[in-house]
file input-v5.cif (mmCIF, C-alpha atoms)
data_protein
loop_
_atom_site.label_atom_id
_atom_site.label_comp_id
_atom_site.auth_asym_id
_atom_site.auth_seq_id
_atom_site.Cartn_x
_atom_site.Cartn_y
_atom_site.Cartn_z
CA MET A 1 -53.45 64.59 197.37
CA ILE A 2 -54.21 65.64 193.78
CA ARG A 3 -54.43 69.40 193.23
CA ILE A 4 -57.21 70.47 190.83
CA ILE A 5 -56.45 73.53 188.67
CA PRO A 6 -59.46 75.67 187.79
CA LEU A 7 -60.33 75.73 184.10
CA ALA A 8 -60.03 79.52 183.84
CA GLY A 9 -56.49 79.41 185.26
CA LEU A 10 -55.46 76.65 182.86
CA VAL A 11 -56.67 78.63 179.86
CA LEU A 12 -54.78 81.71 181.04
CA LEU A 13 -51.58 79.67 181.46
CA LEU A 14 -51.82 78.18 177.94
CA HIS A 15 -52.42 81.60 176.47
CA THR A 16 -49.32 82.99 178.18
CA LEU A 17 -47.13 80.17 176.91
CA ALA A 18 -48.43 80.62 173.38
CA SER A 19 -47.73 84.33 173.42
CA CYS A 20 -44.12 83.70 174.65
CA SER A 21 -43.46 81.15 171.89
CA ASP A 22 -44.82 83.42 169.17
CA GLY A 23 -43.08 86.60 170.42
CA LYS A 24 -39.64 87.92 169.35
CA PRO A 25 -36.49 87.77 171.61
CA VAL A 26 -35.95 90.62 174.01
CA ALA A 27 -34.36 93.52 172.18
CA ALA A 28 -31.80 94.18 174.95
CA SER A 29 -30.13 90.80 174.41
CA ALA A 30 -29.24 91.66 170.78
CA ALA A 31 -28.12 95.24 171.45
CA PRO A 32 -24.38 96.01 170.88
CA ARG A 33 -22.43 96.02 174.10
CA PRO A 34 -20.68 99.25 175.15
CA VAL A 35 -16.88 99.63 175.08
CA THR A 36 -14.62 102.66 175.59
CA VAL A 37 -12.51 103.62 172.60
CA ALA A 38 -9.82 106.24 172.00
CA ARG A 39 -7.18 107.15 169.48
CA PRO A 40 -3.51 106.52 170.39
CA LEU A 41 -1.70 109.37 172.11
CA GLN A 42 0.80 110.85 169.65
CA LYS A 43 3.79 112.41 171.35
CA THR A 44 7.45 113.27 170.76
CA ILE A 45 9.49 111.17 173.14
CA THR A 46 13.05 110.26 173.98
CA GLU A 47 12.85 106.62 173.12
CA GLY A 48 14.70 103.87 174.91
CA ASP A 49 14.65 100.19 175.75
CA GLU A 50 14.57 98.69 179.21
CA TYR A 51 16.69 95.79 180.41
CA THR A 52 17.09 93.96 183.68
CA GLY A 53 20.64 93.57 184.96
CA SER A 54 22.83 93.83 188.02
CA PHE A 55 25.63 95.95 189.38
CA VAL A 56 29.14 94.50 189.48
CA ALA A 57 32.38 95.93 190.83
CA VAL A 58 34.78 97.46 188.34
CA VAL A 59 37.65 95.73 190.18
CA ARG A 60 37.39 92.67 192.42
CA VAL A 61 40.53 91.39 194.14
CA GLU A 62 41.02 88.20 196.15
CA VAL A 63 43.59 89.08 198.80
CA ARG A 64 46.23 86.37 199.31
CA ALA A 65 49.63 86.42 200.99
CA ARG A 66 52.83 86.18 198.96
CA VAL A 67 54.69 84.36 201.76
CA SER A 68 53.73 81.46 204.02
CA GLY A 69 53.58 81.63 207.78
CA PHE A 70 51.36 82.12 210.79
CA ILE A 71 48.93 85.04 210.88
CA ASP A 72 50.09 87.46 213.59
CA THR A 73 47.43 90.17 213.47
CA VAL A 74 44.36 91.02 211.42
CA ARG A 75 43.90 94.72 210.75
CA CYS A 76 41.23 94.63 208.08
CA ASN A 77 38.19 96.78 208.87
CA GLU A 78 35.36 94.55 207.66
CA GLY A 79 32.59 96.39 205.83
CA PRO A 80 33.65 100.06 205.62
CA PRO A 81 35.71 101.12 202.59
CA GLY A 82 39.47 100.93 202.90
CA LYS A 83 42.24 102.69 201.03
CA GLN A 84 44.87 101.24 198.76
CA GLY A 85 47.97 100.39 200.77
CA ASP A 86 46.18 99.86 204.09
CA ARG A 87 47.66 96.98 206.08
CA VAL A 88 45.01 94.27 206.41
CA PHE A 89 46.95 91.17 207.58
CA VAL A 90 50.36 90.60 209.16
CA VAL A 91 52.31 87.34 208.95
CA VAL A 92 54.71 86.64 211.84
CA PRO A 93 57.83 88.47 210.51
CA ARG A 94 60.61 86.89 212.61
CA PRO A 95 61.34 83.98 210.22
CA TYR A 96 61.88 86.55 207.45
CA GLU A 97 64.00 88.97 209.50
CA LEU A 98 66.80 86.44 209.97
CA PRO A 99 67.42 85.91 206.23
CA VAL A 100 67.73 89.69 205.88
CA GLU A 101 70.45 89.77 208.50
CA GLN A 102 72.21 86.80 206.88
CA SER A 103 72.07 88.46 203.46
CA GLN A 104 73.51 91.67 204.84
CA ALA A 105 76.45 89.73 206.31
CA ASP A 106 77.03 87.89 203.03
CA LEU A 107 77.04 91.21 201.20
CA GLU A 108 79.67 92.69 203.54
CA ARG A 109 81.89 89.62 203.10
CA ALA A 110 81.57 89.82 199.31
CA LYS A 111 82.43 93.52 199.35
CA ALA A 112 85.56 92.79 201.40
CA LYS A 113 86.74 90.18 198.91
CA LEU A 114 86.11 92.60 196.06
CA GLN A 115 88.16 95.26 197.81
CA ILE A 116 91.13 92.89 198.22
CA ALA A 117 90.89 91.74 194.59
CA SER A 118 90.78 95.33 193.37
CA LEU A 119 93.89 96.22 195.39
CA ASP A 120 95.75 93.19 193.96
CA VAL A 121 94.99 94.38 190.44
CA GLN A 122 96.11 97.92 191.22
CA ARG A 123 99.41 96.69 192.69
CA ALA A 124 100.11 94.34 189.78
CA ALA A 125 99.47 96.91 187.04
CA PRO A 126 102.89 98.68 187.25
CA LEU A 127 104.71 95.39 187.83
CA VAL A 128 103.54 94.01 184.50
CA ARG A 129 105.34 96.78 182.63
CA ASN A 130 108.72 95.93 184.15
CA GLN A 131 107.94 92.19 183.82
CA THR A 132 108.09 91.57 187.57
CA VAL A 133 104.59 90.05 187.25
CA THR A 134 103.69 88.01 184.23
CA GLU A 135 100.70 88.87 182.09
CA ARG A 136 99.15 85.52 183.02
CA GLU A 137 99.37 86.39 186.71
CA PHE A 138 97.88 89.81 186.03
CA ASP A 139 94.98 88.32 184.04
CA SER A 140 94.33 85.90 186.90
CA ARG A 141 94.11 88.78 189.37
CA ARG A 142 91.70 90.68 187.12
CA ALA A 143 89.52 87.57 186.80
CA THR A 144 89.48 87.25 190.59
CA GLU A 145 88.35 90.88 190.81
CA ARG A 146 85.51 90.30 188.35
CA ASP A 147 84.47 87.17 190.26
CA ALA A 148 84.39 89.15 193.49
CA ALA A 149 82.30 91.85 191.82
CA GLY A 150 79.85 89.18 190.68
CA GLN A 151 79.60 87.81 194.22
CA VAL A 152 78.77 91.32 195.44
CA SER A 153 75.96 91.60 192.87
CA ALA A 154 74.62 88.16 193.89
CA ALA A 155 74.72 89.13 197.56
CA GLU A 156 72.88 92.38 196.82
CA ALA A 157 70.16 90.47 194.91
CA ALA A 158 69.81 87.97 197.76
CA LEU A 159 69.47 90.86 200.21
CA LYS A 160 66.77 92.49 198.07
CA GLN A 161 64.86 89.18 197.87
CA SER A 162 64.99 88.63 201.63
CA GLU A 163 63.93 92.24 202.25
CA LEU A 164 61.06 91.78 199.81
CA ASN A 165 59.90 88.62 201.61
CA LEU A 166 60.02 90.54 204.88
CA GLU A 167 57.97 93.35 203.29
CA TRP A 168 55.41 90.81 202.08
CA THR A 169 54.70 89.70 205.63
CA GLU A 170 52.51 92.81 205.72
CA VAL A 171 49.55 92.10 203.42
CA ARG A 172 48.26 95.42 202.16
CA ALA A 173 45.08 96.34 200.27
CA PRO A 174 45.89 96.37 196.54
CA ILE A 175 42.94 98.67 195.72
CA THR A 176 40.64 101.18 197.37
CA GLY A 177 37.29 99.56 198.07
CA ARG A 178 34.99 97.75 200.48
CA ILE A 179 36.57 94.85 202.34
CA SER A 180 34.69 91.60 202.91
CA ASP A 181 34.90 89.53 206.08
CA ARG A 182 38.20 87.88 207.01
CA ARG A 183 38.54 84.25 206.01
CA VAL A 184 41.46 83.50 208.39
CA ASP A 185 41.82 84.28 212.08
CA PRO A 186 45.09 85.15 213.89
CA GLY A 187 47.25 82.15 214.79
CA ASN A 188 46.39 80.13 211.69
CA LEU A 189 49.04 78.88 209.28
CA ILE A 190 48.57 80.12 205.73
CA THR A 191 50.17 79.22 202.44
CA GLY A 192 51.63 81.98 200.28
CA GLY A 193 53.15 82.14 196.85
CA PRO A 194 52.01 82.41 193.24
CA SER A 195 49.85 79.25 193.35
CA GLY A 196 47.73 77.60 196.02
CA ALA A 197 47.86 80.63 198.30
CA THR A 198 45.29 80.89 201.09
CA LEU A 199 42.39 83.30 200.49
CA LEU A 200 42.38 85.94 203.24
CA THR A 201 39.55 88.27 202.16
CA VAL A 202 38.00 89.93 199.09
CA ILE A 203 38.00 93.64 198.22
CA VAL A 204 35.70 95.23 195.63
CA SER A 205 35.86 98.76 194.26
CA ILE A 206 32.78 100.92 194.81
CA ASP A 207 33.22 104.13 192.80
CA PRO A 208 32.70 103.93 189.86
CA ILE A 209 30.56 100.82 189.44
CA HIS A 210 29.44 98.78 186.43
CA PHE A 211 25.93 97.64 185.44
CA VAL A 212 25.82 94.52 183.25
CA PHE A 213 22.78 93.44 181.22
CA ASP A 214 21.82 91.30 178.20
CA GLY A 215 20.00 92.65 175.16
CA SER A 216 18.07 90.64 172.59
CA GLU A 217 19.29 89.98 169.07
CA ALA A 218 16.32 91.92 167.67
CA ASP A 219 17.20 95.02 169.70
CA PHE A 220 20.85 94.71 168.72
CA LEU A 221 19.95 94.55 165.03
CA ARG A 222 17.64 97.54 165.35
CA TYR A 223 20.35 99.64 166.98
CA ILE A 224 22.86 98.66 164.28
CA ARG A 225 20.46 99.73 161.54
CA LEU A 226 19.57 102.90 163.44
CA SER A 227 23.29 103.75 163.67
CA LYS A 228 23.84 103.15 159.95
CA ALA A 229 20.84 105.36 159.16
CA GLY A 230 22.28 108.17 161.28
CA GLY A 231 19.48 108.10 163.83
CA ARG A 232 21.61 107.17 166.84
CA PRO A 233 25.35 106.42 167.18
CA SER A 234 26.41 102.96 168.27
CA SER A 235 27.25 102.44 171.93
CA ARG A 236 30.54 100.91 170.74
CA ASP A 237 31.57 104.32 169.40
CA VAL A 238 29.77 106.74 171.72
CA GLN A 239 28.99 106.55 175.43
CA ASN A 240 25.21 106.78 175.03
CA PRO A 241 23.34 107.87 178.16
CA VAL A 242 21.52 105.35 180.33
CA ALA A 243 19.47 105.50 183.53
CA VAL A 244 18.75 102.89 186.17
CA ARG A 245 16.12 102.45 188.85
CA LEU A 246 16.53 100.12 191.79
CA ALA A 247 14.03 97.56 193.08
CA ASP A 248 12.39 100.06 195.48
CA GLU A 249 12.31 102.98 193.03
CA ILE A 250 9.75 103.96 190.41
CA GLU A 251 11.82 106.59 188.61
CA PHE A 252 15.11 106.19 186.74
CA LYS A 253 17.17 108.33 189.11
CA HIS A 254 20.70 107.08 188.54
CA GLN A 255 22.37 108.46 185.42
CA GLY A 256 25.23 106.67 183.68
CA ARG A 257 26.74 105.95 180.28
CA MET A 258 27.46 102.95 178.11
CA ASN A 259 31.10 101.86 177.99
CA PHE A 260 31.08 98.36 176.47
CA VAL A 261 29.17 96.13 174.04
CA ASP A 262 30.35 92.56 173.57
CA ASN A 263 31.72 91.42 170.23
CA VAL A 264 29.62 88.23 169.90
CA LEU A 265 26.09 87.06 170.67
CA ASN A 266 25.56 84.22 173.08
CA PRO A 267 24.49 81.35 170.78
CA LYS A 268 22.56 79.64 173.59
CA THR A 269 20.40 82.61 174.60
CA GLY A 270 20.47 84.78 171.47
CA THR A 271 21.49 87.81 173.54
CA ILE A 272 24.45 90.16 173.62
CA ARG A 273 26.09 91.54 176.76
CA GLY A 274 26.25 95.26 177.39
CA ARG A 275 27.80 97.27 180.21
CA ALA A 276 27.30 100.76 181.60
CA VAL A 277 29.30 102.70 184.17
CA PHE A 278 27.89 104.85 187.00
CA ASP A 279 29.39 107.27 189.47
CA ASN A 280 28.83 106.04 193.02
CA LYS A 281 30.19 108.71 195.34
CA ASP A 282 27.74 107.92 198.14
CA GLY A 283 28.26 104.16 197.88
CA LEU A 284 24.53 103.45 197.49
CA LEU A 285 24.95 101.24 194.44
CA THR A 286 26.29 97.93 195.70
CA PRO A 287 27.69 95.02 193.66
CA GLY A 288 24.95 92.42 193.30
CA PHE A 289 22.04 94.90 193.28
CA PHE A 290 19.49 94.18 190.56
CA GLY A 291 18.02 97.08 188.63
CA ARG A 292 16.11 98.14 185.56
CA LEU A 293 18.14 100.01 182.93
CA ARG A 294 16.77 102.34 180.29
CA LEU A 295 19.02 102.75 177.24
CA PHE A 296 18.76 105.89 175.10
CA GLY A 297 17.30 104.99 171.69
CA GLY A 298 16.98 108.37 170.00
CA GLU A 299 14.17 110.92 169.76
CA GLY A 300 11.06 110.72 167.61
CA THR A 301 7.28 110.75 167.42
CA ALA A 302 5.58 107.69 168.90
CA LEU A 303 2.09 106.33 169.51
CA LEU A 304 1.28 105.49 173.14
CA ILE A 305 -1.54 103.35 174.52
CA PRO A 306 -2.34 101.81 177.92
CA ASP A 307 -0.84 98.42 178.66
CA THR A 308 -4.35 97.21 179.51
CA ALA A 309 -5.42 97.77 175.88
CA ILE A 310 -2.98 95.12 174.63
CA ALA A 311 -4.09 91.50 174.45
CA SER A 312 -2.02 88.38 173.80
CA ASP A 313 -2.64 85.89 171.01
CA GLN A 314 -0.14 83.17 171.84
CA SER A 315 3.23 84.88 171.32
CA ARG A 316 1.75 87.84 169.43
CA LYS A 317 0.43 91.13 170.81
CA ILE A 318 -2.82 92.55 169.43
CA VAL A 319 -5.20 95.44 170.05
CA PHE A 320 -8.91 95.63 169.26
CA THR A 321 -10.02 98.38 166.87
CA VAL A 322 -13.54 99.66 166.20
CA ALA A 323 -14.64 100.76 162.72
CA ASP A 324 -17.07 103.59 162.01
CA ASP A 325 -19.98 101.13 161.89
CA GLY A 326 -19.02 99.66 165.28
CA THR A 327 -17.46 96.45 163.96
CA VAL A 328 -14.57 95.11 166.04
CA GLY A 329 -11.27 94.24 164.34
CA THR A 330 -7.77 93.35 165.47
CA LYS A 331 -4.31 94.64 164.65
CA LEU A 332 -0.98 93.00 165.32
CA VAL A 333 1.35 95.44 167.12
CA GLU A 334 4.98 95.58 168.23
CA PRO A 335 5.17 97.00 171.76
CA GLY A 336 8.06 99.15 172.93
CA PRO A 337 9.07 100.54 176.32
CA ILE A 338 6.92 102.33 178.89
CA VAL A 339 6.89 106.14 178.62
CA ASP A 340 4.82 108.30 180.98
CA GLY A 341 3.01 105.18 182.16
CA LEU A 342 1.93 104.24 178.62
CA ARG A 343 3.26 101.61 176.24
CA VAL A 344 5.05 102.74 173.09
CA ILE A 345 3.79 101.00 169.94
CA ARG A 346 6.59 100.65 167.43
CA SER A 347 4.45 99.36 164.55
CA GLY A 348 0.95 98.11 163.72
CA LEU A 349 -1.13 101.20 164.56
CA THR A 350 -1.87 104.59 163.03
CA ALA A 351 -2.83 107.79 164.78
CA SER A 352 -6.36 107.56 163.33
CA ASP A 353 -7.16 104.09 164.67
CA ARG A 354 -9.82 103.85 167.35
CA ILE A 355 -8.78 101.19 169.82
CA VAL A 356 -10.64 99.61 172.71
CA ILE A 357 -9.15 100.83 175.99
CA ASP A 358 -11.87 99.57 178.33
CA GLY A 359 -14.22 96.60 177.99
CA LEU A 360 -11.88 94.26 176.12
CA GLN A 361 -13.85 91.28 177.45
CA ARG A 362 -16.93 92.54 175.56
CA ALA A 363 -15.10 93.00 172.24
CA ARG A 364 -15.24 90.10 169.79
CA PRO A 365 -13.68 90.32 166.31
CA GLY A 366 -16.35 90.65 163.65
CA GLN A 367 -19.12 91.62 166.08
CA LYS A 368 -20.52 95.08 166.62
CA VAL A 369 -20.15 97.11 169.79
CA LYS A 370 -21.37 100.46 171.05
CA PRO A 371 -18.28 102.70 171.15
CA GLU A 372 -18.04 105.35 173.83
CA ASP A 373 -15.33 107.98 173.45
CA GLY A 374 -12.48 108.01 175.96
CA VAL A 375 -9.11 109.74 176.28
CA ILE A 376 -5.58 108.35 176.61
CA ALA A 377 -3.53 110.54 178.92
CA PRO A 378 -0.06 110.19 180.48
CA VAL A 379 -0.06 108.40 183.83
CA GLU A 380 1.56 110.06 186.80
CA PRO A 381 3.94 107.76 188.73
CA VAL A 382 2.58 106.39 191.98
CA ALA A 383 4.73 106.98 195.02
CA ALA A 384 6.34 103.84 196.41
CA ARG A 385 5.06 102.67 199.77
#

call {"tool": "encode", "arguments": {"input": "input-v5.cif", "output": "C-alpha cells"}}
result
Amino acid sequence: MIRIIPLAGLVLLLHTLASCSDGKPVAASAAPRPVTVARPLQKTITEGDEYTGSFVAVVRVEVRARVSGFIDTVRCNEGPPGKQGDRVFVVVPRPYELPVEQSQADLERAKAKLQIASLDVQRAAPLVRNQTVTEREFDSRRATERDAAGQVSAAEAALKQSELNLEWTEVRAPITGRISDRRVDPGNLITGGPSGATLLTVIVSIDPIHFVFDGSEADFLRYIRLSKAGGRPSSRDVQNPVAVRLADEIEFKHQGRMNFVDNVLNPKTGTIRGRAVFDNKDGLLTPGFFGRLRLFGGEGTALLIPDTAIASDQSRKIVFTVADDGTVGTKLVEPGPIVDGLRVIRSGLTASDRIVIDGLQRARPGQKVKPEDGVIAPVEPVAAR
C-alpha cells in the first residue's frame, strides 16, 4: 500500500530540514568541558624512599652431627625457640664409651712406664760420678725416660679425643633460635664428620632480625650526592633510621636502622643490596616475611599531589596543567614516595602550577577546559579490614 503524504505536511518537513542545514551547531557541544584543578600541596616532610624486601635471619645454622652412628633420641622442640646448648639429638653413645675406657687404660700403662724410667735415671745419676755406670748407659736411661714421657702425652691426647667423640654424641643447639622440624627419626643411621654429614635440622636466630632489599642505581647515586652535599649521611657511615610495614599493615610500625650497604651494584639488575636490622623481642617478624621499607632521606620542603593526578606517557610520568586562559598543558614530573597519602614530586612542578586533579579524561593538551577550583589535602589512612 502506498502512503500519500499531504502537501502541507511535506512543505513543513522541507522547511524544517532547510532551517537545520542553515543553522549553527549547538552551543553546548563547543563549550569547554569542566575539570577540577588545584595547586600542589607544599609541606615540610621527612623524606624517604620505599623498597620491597624480606626478612632474613641474622644467623642460620644447619645442625649436623660430628660423629656417625644411630640416632638414640630426639629432644628438639620443633617450632618454639630453643636456647644455645640445648640437647637436640643423641647418638647411641656406647660405641664411643669403650674407646674412652681403652684410652684411660693406655694412659695408666704409659704413666707406669714413665715412673720406672724416671726411677732408673735417679738411681744412675750418682753411679755416673763414681764411674759405676757409664755415661752412655746413663744417656740411654734418660732417653728411655723422655720416650716414656712422650707416650704419656700421646695417651693423654688419645683420651681427650675419645672423650670429645663421646661428648659429640650429644648434638646441642649451637645458637639460640627457632628450631625447624627434625629431618631424621630415632633409629636411623647418620653420617657425621666435617664433610658429607647428615642434616638433622635447621635453627635460625629470631632477635635481632635482618631486612634485605635492593635499591636502584638512580637512588644510590642520589644518596651519594646528598651525602657529599651534607644533606644526609651515608648509610655506610651512619645507621640511618628505617621503618617497615608488613603485608597486612598500612602504617610503618616497625622501627629499625641501616647496618649494611653492598660494595658493588648487580650488573644484571642495576641494583644495589642494602640491609637493615630490627629488634624482634616478641618474635613477630619471621624470616621470609615480605615487607615494605621506608628509608630516611632527609628533611625538606616538598610538593605533594594525588596519585590519581599523574598520567603515564610510555615510561614517563606527566601531569596536566591549566593556564589562566583555560588551555591545557603537560609537564614531565619525577615522582617520589607516598607521604600522608599523597605522592611527592621531586621535580617538574612549581608551587604556582594549577594541575588537573579530577577529570583527566576530559583534559586534552592544547584544548581549553573550564577549571573549577579544588583543594589537595592529606589523606587519612584507611583501617585494614

call {"tool": "resolve_selection", "arguments": {"input": "input-v5.cif", "expression": "the PyMOL selection byres ((chain A and resi 52) around 7)", "output": "list in words"}}
result
Glu50, Tyr51, Gly53, Phe213, Gly291, Arg292 and Leu293 of chain A

call {"tool": "write_last_selection", "arguments": {"input": "input-v5.cif", "atoms": "C-alpha atoms", "output": "mmCIF file, in the coordinates of the input"}}
result
data_model
loop_
_atom_site.group_PDB
_atom_site.id
_atom_site.type_symbol
_atom_site.label_atom_id
_atom_site.label_comp_id
_atom_site.auth_asym_id
_atom_site.auth_seq_id
_atom_site.Cartn_x
_atom_site.Cartn_y
_atom_site.Cartn_z
ATOM 1 C CA GLU A 50 14.570 98.690 179.210
ATOM 2 C CA TYR A 51 16.690 95.790 180.410
ATOM 3 C CA GLY A 53 20.640 93.570 184.960
ATOM 4 C CA PHE A 213 22.780 93.440 181.220
ATOM 5 C CA GLY A 291 18.020 97.080 188.630
ATOM 6 C CA ARG A 292 16.110 98.140 185.560
ATOM 7 C CA LEU A 293 18.140 100.010 182.930
#

call {"tool": "residues_around", "arguments": {"input": "input-v5.cif", "residues": "Asp214 of chain A", "least_positions_apart": "3", "cutoff": "10 Å", "atoms": "all atoms listed in the file", "output": "NGL selection string"}}
result
:A and (51-53 or 217 or 261-262 or 265-266 or 269-275)

call {"tool": "resolve_selection", "arguments": {"input": "input-v5.cif", "expression": "the PyMOL selection byres ((chain A and resi 137) around 12)", "output": "CSV table (one decimal) with C-alpha atoms, in the frame of the given file"}}
result
chain,number,residue,atom,x,y,z
A,120,ASP,CA,95.8,93.2,194.0
A,121,VAL,CA,95.0,94.4,190.4
A,123,ARG,CA,99.4,96.7,192.7
A,124,ALA,CA,100.1,94.3,189.8
A,125,ALA,CA,99.5,96.9,187.0
A,127,LEU,CA,104.7,95.4,187.8
A,128,VAL,CA,103.5,94.0,184.5
A,131,GLN,CA,107.9,92.2,183.8
A,132,THR,CA,108.1,91.6,187.6
A,133,VAL,CA,104.6,90.0,187.2
A,134,THR,CA,103.7,88.0,184.2
A,135,GLU,CA,100.7,88.9,182.1
A,136,ARG,CA,99.2,85.5,183.0
A,138,PHE,CA,97.9,89.8,186.0
A,139,ASP,CA,95.0,88.3,184.0
A,140,SER,CA,94.3,85.9,186.9
A,141,ARG,CA,94.1,88.8,189.4
A,142,ARG,CA,91.7,90.7,187.1
A,143,ALA,CA,89.5,87.6,186.8
A,144,THR,CA,89.5,87.2,190.6

call {"tool": "resolve_selection", "arguments": {"input": "input-v5.cif", "expression": "the PyMOL selection byres ((chain A and resi 167-171) around 6)", "output": "PyMOL selection string"}}
result
chain A and resi 87-91+93+164-166+172

call {"tool": "atom_distance", "arguments": {"input": "input-v5.cif", "atom1": "atom CA of Thr286 of chain A", "atom2": "atom CA of Asp340 of chain A"}}
result
28.0 Å

call {"tool": "closest_residue", "arguments": {"input": "input-v5.cif", "among": "A:Pro81, A:Gly177, A:Gly283, A:Gly48", "to": "Val339 of chain A", "atoms": "all atoms listed in the file"}}
result
A:Gly48

call {"tool": "residues_near_point", "arguments": {"input": "input-v5.cif", "point": "(69.3, 89.8, 197.6)", "cutoff": "12 Å", "atoms": "all atoms listed in the file", "output": "number ranges by chain"}}
result
A: 99-107, 151-166

call {"tool": "residues_around", "arguments": {"input": "input-v5.cif", "residues": "Cys76 of chain A", "least_positions_apart": "5", "cutoff": "9 Å", "atoms": "all atoms listed in the file", "output": "VMD selection string"}}
result
chain A and resid 82 86 to 89 173 179 to 182 201

call {"tool": "closest_atom_pairs", "arguments": {"input": "input-v5.cif", "of": "segment 65-144 of chain A", "to": "segment 186-190 of chain A", "cutoff": "8 Å", "atoms": "all atoms listed in the file", "output": "CSV"}}
result
residue,atom,partner,partner_atom,distance
A:Ala65,CA,A:Ile190,CA,8.0
A:Ser68,CA,A:Ile190,CA,5.6
A:Gly69,CA,A:Leu189,CA,5.5
A:Phe70,CA,A:Leu189,CA,4.3
A:Ile71,CA,A:Pro186,CA,4.9
A:Asp72,CA,A:Pro186,CA,5.5
A:Thr73,CA,A:Pro186,CA,5.6
A:Val74,CA,A:Pro186,CA,6.4

call {"tool": "closest_residue", "arguments": {"input": "input-v5.cif", "among": "A:Thr191, A:Pro95, A:Thr176, A:Ala148", "to": "Val67 of chain A", "atoms": "all atoms listed in the file"}}
result
A:Thr191

call {"tool": "closest_residue", "arguments": {"input": "input-v5.cif", "among": "A:Val356, A:Leu304, A:Leu98, A:Leu246", "to": "Ala323 of chain A", "atoms": "only C-alpha atoms"}}
result
A:Val356

call {"tool": "residues_around", "arguments": {"input": "input-v5.cif", "residues": "Gln42 of chain A", "least_positions_apart": "6", "cutoff": "7 Å", "atoms": "all atoms listed in the file", "output": "PyMOL selection string"}}
result
chain A and resi 301-304+351

call {"tool": "closest_residue", "arguments": {"input": "input-v5.cif", "among": "A:Pro306, A:Gln361, A:Asp325, A:Gly256", "to": "Leu41 of chain A", "atoms": "only C-alpha atoms"}}
result
A:Pro306
